[in-house]
Amino acid sequence: GAVVSQHPSWVICKSGTSVKIECRSLDFQATTMFWYRQFPKQSLMLMATSNEGSKATYEQGVEKDKFLINHASLTLSTLTVTSAHPEDSSFYICSARDGGQGGETQYFGPGTRLLVL
Amino acid sequence: QKEVEQNSGPLSVPEGAIASLNCTYSDRGSQSFFWYRQYSGKSPELIMSIYSNGDKEDGRFTAQLNKASQYVSLLIRDSQPSDSATYLCAVNPSGGNEKLTFGTGTRLTIIP
């Protein structure tokens, strides 16, 4: 149980285009999902916390107008990187909190590699 | 000041030996503690969670928590080359905040 999926796993796009990444909890309901970014050989960096039916909470320094987050249902959150630029190339990982098991356990999706040319 | 600290390593352990990974945290009111394993190029995978003082065992893995010393550790018995990865310590701070605070991770290499 506690499986989180992400789609797509890889995306290559041209500078200036927008990219949407989906995160789904497959076998549990996730009232809260989290979006992280990780550059090579660096730590996970939390970008935002996404709560179902409400606006996302962004971490300091993360542009909310550039990284649009939508959490329309208890099993789906999306991250849209708008007007992507090469510096946005990174490994984007979502996690979902399973409130039914211990309350705070987060399960990670497999991640999405974004390369902006 | 970092809230969760780990030795970045690399930590090298011979195959079959016990690997010991350590983590300290600053928020004394923290209640939930997690160990994740991250293989190179992959996303983190939950290994263990622990909420109470003492030891918690799951197969070859044992998590140890000492809230008085603000210290949590992960022991890996009979280390295998497949255990080579970066291990992330994560803490849910007090105050009802849903975010986990991660350490920077310890890179573990098991030497055959």
# chains A, B, ... in the order shown; residues from 1 in each chain; ligands from 1
$ residues_around --residues "Trp35 of chain B" --least-positions-apart "6" --cutoff "8 Å" --atoms "only C-alpha atoms" --output "PyMOL selection string"
chain B and resi 46-49+74+87-90
$ write_last_selection --atoms "N, CA, C and O atoms" --output "mmCIF file, in the first residue's frame"
data_model
loop_
_atom_site.group_PDB
_atom_site.id
_atom_site.type_symbol
_atom_site.label_atom_id
_atom_site.label_comp_id
_atom_site.auth_asym_id
_atom_site.auth_seq_id
_atom_site.Cartn_x
_atom_site.Cartn_y
_atom_site.Cartn_z
ATOM 1 N N LEU B 46 10.624 5.305 2.023
ATOM 2 C CA LEU B 46 10.514 5.178 3.471
ATOM 3 C C LEU B 46 11.078 3.836 3.944
ATOM 4 O O LEU B 46 10.725 2.782 3.423
ATOM 5 N N ILE B 47 11.968 3.909 4.933
ATOM 6 C CA ILE B 47 12.548 2.711 5.531
ATOM 7 C C ILE B 47 11.897 2.428 6.876
ATOM 8 O O ILE B 47 11.468 1.313 7.155
ATOM 9 N N MET B 48 11.884 3.429 7.737
ATOM 10 C CA MET B 48 11.401 3.226 9.094
ATOM 11 C C MET B 48 10.755 4.506 9.592
ATOM 12 O O MET B 48 11.141 5.603 9.224
ATOM 13 N N SER B 49 9.790 4.344 10.475
ATOM 14 C CA SER B 49 9.254 5.462 11.235
ATOM 15 C C SER B 49 9.323 5.077 12.708
ATOM 16 O O SER B 49 9.230 3.891 13.048
ATOM 17 N N LEU B 74 19.848 4.888 12.926
ATOM 18 C CA LEU B 74 19.413 3.743 12.127
ATOM 19 C C LEU B 74 20.567 2.766 12.039
ATOM 20 O O LEU B 74 21.670 3.147 11.638
ATOM 21 N N TYR B 87 21.030 8.052 3.023
ATOM 22 C CA TYR B 87 19.971 7.869 4.013
ATOM 23 C C TYR B 87 19.595 9.229 4.600
ATOM 24 O O TYR B 87 20.448 9.951 5.124
ATOM 25 N N LEU B 88 18.313 9.532 4.504
ATOM 26 C CA LEU B 88 17.799 10.825 4.959
ATOM 27 C C LEU B 88 17.034 10.656 6.267
ATOM 28 O O LEU B 88 16.146 9.808 6.363
ATOM 29 N N CYS B 89 17.382 11.466 7.233
ATOM 30 C CA CYS B 89 16.640 11.531 8.490
ATOM 31 C C CYS B 89 15.616 12.650 8.357
ATOM 32 O O CYS B 89 15.942 13.739 7.868
ATOM 33 N N ALA B 90 14.385 12.399 8.777
ATOM 34 C CA ALA B 90 13.332 13.413 8.684
ATOM 35 C C ALA B 90 12.587 13.492 10.004
ATOM 36 O O ALA B 90 12.322 12.469 10.648
#
$ interface_residues --of "chain A" --to "chain B" --cutoff "12 Å" --atoms "only C-alpha atoms" --output "ChimeraX atom specification"
/A:2-6,9,31-51,57-59,90-99,101-113
$ residues_around --residues "Pro10 of chain B" --least-positions-apart "4" --cutoff "8 Å" --atoms "only C-alpha atoms" --output "ChimeraX atom specification"
/B:106-109
$ write_last_selection --atoms "C-alpha atoms" --output "tab-separated table (two decimals), in the first residue's frame"
chain	number	residue	atom	x	y	z
B	106	THR	CA	24.46	10.41	4.89
B	107	ARG	CA	25.95	8.65	1.91
B	108	LEU	CA	26.58	4.99	2.78
B	109	THR	CA	28.78	2.69	0.73
$ select_by_dssp --residues "chain B" --states "strand (DSSP E or B)" --output "number ranges by chain"
B: 4-6, 11-14, 19-25, 32-38, 45-50, 54-58, 61-66, 71-76, 85-92, 101-102, 106-111
$ closest_residue --among "A:Leu115, A:Asp65, A:Glu52, A:Thr78" --to "Gln29 of chain A" --atoms "only C-alpha atoms"
A:Glu52
$ decode --residues "segment 80-104 of chain A" --atoms "N, CA, C and O atoms" --output "tab-separated table (two decimals), in the first residue's frame"
chain	number	residue	atom	x	y	z
A	80	THR	N	2.49	22.94	-12.20
A	80	THR	CA	2.76	23.46	-13.53
A	80	THR	C	3.90	24.46	-13.45
A	80	THR	O	3.81	25.44	-12.71
A	81	VAL	N	4.96	24.16	-14.19
A	81	VAL	CA	6.09	25.08	-14.30
A	81	VAL	C	5.80	25.97	-15.50
A	81	VAL	O	5.80	25.51	-16.64
A	82	THR	N	5.50	27.21	-15.24
A	82	THR	CA	5.12	28.12	-16.33
A	82	THR	C	6.36	28.82	-16.89
A	82	THR	O	7.31	29.12	-16.16
A	83	SER	N	6.35	29.02	-18.21
A	83	SER	CA	7.44	29.68	-18.89
A	83	SER	C	8.79	29.16	-18.39
A	83	SER	O	9.61	29.89	-17.82
A	84	ALA	N	8.97	27.88	-18.58
A	84	ALA	CA	10.18	27.21	-18.05
A	84	ALA	C	11.44	27.74	-18.72
A	84	ALA	O	11.46	28.06	-19.91
A	85	HIS	N	12.50	27.82	-17.93
A	85	HIS	CA	13.81	28.24	-18.42
A	85	HIS	C	14.84	27.19	-18.03
A	85	HIS	O	14.58	26.35	-17.14
A	86	PRO	N	16.00	27.21	-18.65
A	86	PRO	CA	17.00	26.17	-18.35
A	86	PRO	C	17.31	26.03	-16.87
A	86	PRO	O	17.57	24.91	-16.40
A	87	GLU	N	17.26	27.10	-16.12
A	87	GLU	CA	17.57	27.01	-14.68
A	87	GLU	C	16.49	26.27	-13.90
A	87	GLU	O	16.69	25.94	-12.72
A	88	ASP	N	15.34	26.02	-14.54
A	88	ASP	CA	14.28	25.23	-13.90
A	88	ASP	C	14.51	23.73	-14.08
A	88	ASP	O	13.77	22.91	-13.50
A	89	SER	N	15.51	23.36	-14.87
A	89	SER	CA	15.82	21.95	-15.06
A	89	SER	C	16.21	21.35	-13.72
A	89	SER	O	17.12	21.84	-13.04
A	90	SER	N	15.51	20.30	-13.34
A	90	SER	CA	15.73	19.71	-12.02
A	90	SER	C	14.95	18.41	-11.92
A	90	SER	O	14.28	17.99	-12.87
A	91	PHE	N	15.04	17.79	-10.77
A	91	PHE	CA	14.29	16.58	-10.43
A	91	PHE	C	13.16	17.01	-9.50
A	91	PHE	O	13.42	17.49	-8.39
A	92	TYR	N	11.93	16.90	-9.95
A	92	TYR	CA	10.78	17.34	-9.16
A	92	TYR	C	10.10	16.10	-8.56
A	92	TYR	O	9.76	15.16	-9.27
A	93	ILE	N	9.94	16.13	-7.25
A	93	ILE	CA	9.40	14.97	-6.55
A	93	ILE	C	8.22	15.41	-5.69
A	93	ILE	O	8.30	16.42	-4.98
A	94	CYS	N	7.14	14.65	-5.77
A	94	CYS	CA	6.01	14.94	-4.89
A	94	CYS	C	5.96	13.90	-3.78
A	94	CYS	O	6.53	12.81	-3.89
A	95	SER	N	5.32	14.25	-2.70
A	95	SER	CA	5.03	13.27	-1.66
A	95	SER	C	3.61	13.49	-1.18
A	95	SER	O	3.05	14.58	-1.33
A	96	ALA	N	3.03	12.44	-0.63
A	96	ALA	CA	1.66	12.52	-0.14
A	96	ALA	C	1.64	12.02	1.29
A	96	ALA	O	2.30	11.04	1.63
A	97	ARG	N	0.86	12.71	2.09
A	97	ARG	CA	0.76	12.34	3.50
A	97	ARG	C	-0.43	11.43	3.69
A	97	ARG	O	-1.55	11.77	3.34
A	98	ASP	N	-0.14	10.25	4.24
A	98	ASP	CA	-1.21	9.30	4.51
A	98	ASP	C	-1.72	9.53	5.92
A	98	ASP	O	-1.12	9.08	6.89
A	99	GLY	N	-2.80	10.25	6.02
A	99	GLY	CA	-3.33	10.59	7.34
A	99	GLY	C	-3.87	9.40	8.09
A	99	GLY	O	-4.07	9.45	9.29
A	100	GLY	N	-4.06	8.28	7.39
A	100	GLY	CA	-4.62	7.11	8.04
A	100	GLY	C	-3.61	6.26	8.78
A	100	GLY	O	-3.96	5.41	9.57
A	101	GLN	N	-2.33	6.49	8.53
A	101	GLN	CA	-1.30	5.66	9.15
A	101	GLN	C	-0.34	6.55	9.91
A	101	GLN	O	0.62	7.04	9.38
A	102	GLY	N	-0.58	6.73	11.21
A	102	GLY	CA	0.36	7.50	12.02
A	102	GLY	C	0.22	8.99	11.83
A	102	GLY	O	0.76	9.76	12.60
A	103	GLY	N	-0.45	9.41	10.79
A	103	GLY	CA	-0.76	10.82	10.65
A	103	GLY	C	0.26	11.64	9.90
A	103	GLY	O	-0.09	12.59	9.23
A	104	GLU	N	1.55	11.31	10.03
A	104	GLU	CA	2.54	12.21	9.43
A	104	GLU	C	3.39	11.54	8.37
A	104	GLU	O	4.22	12.18	7.77
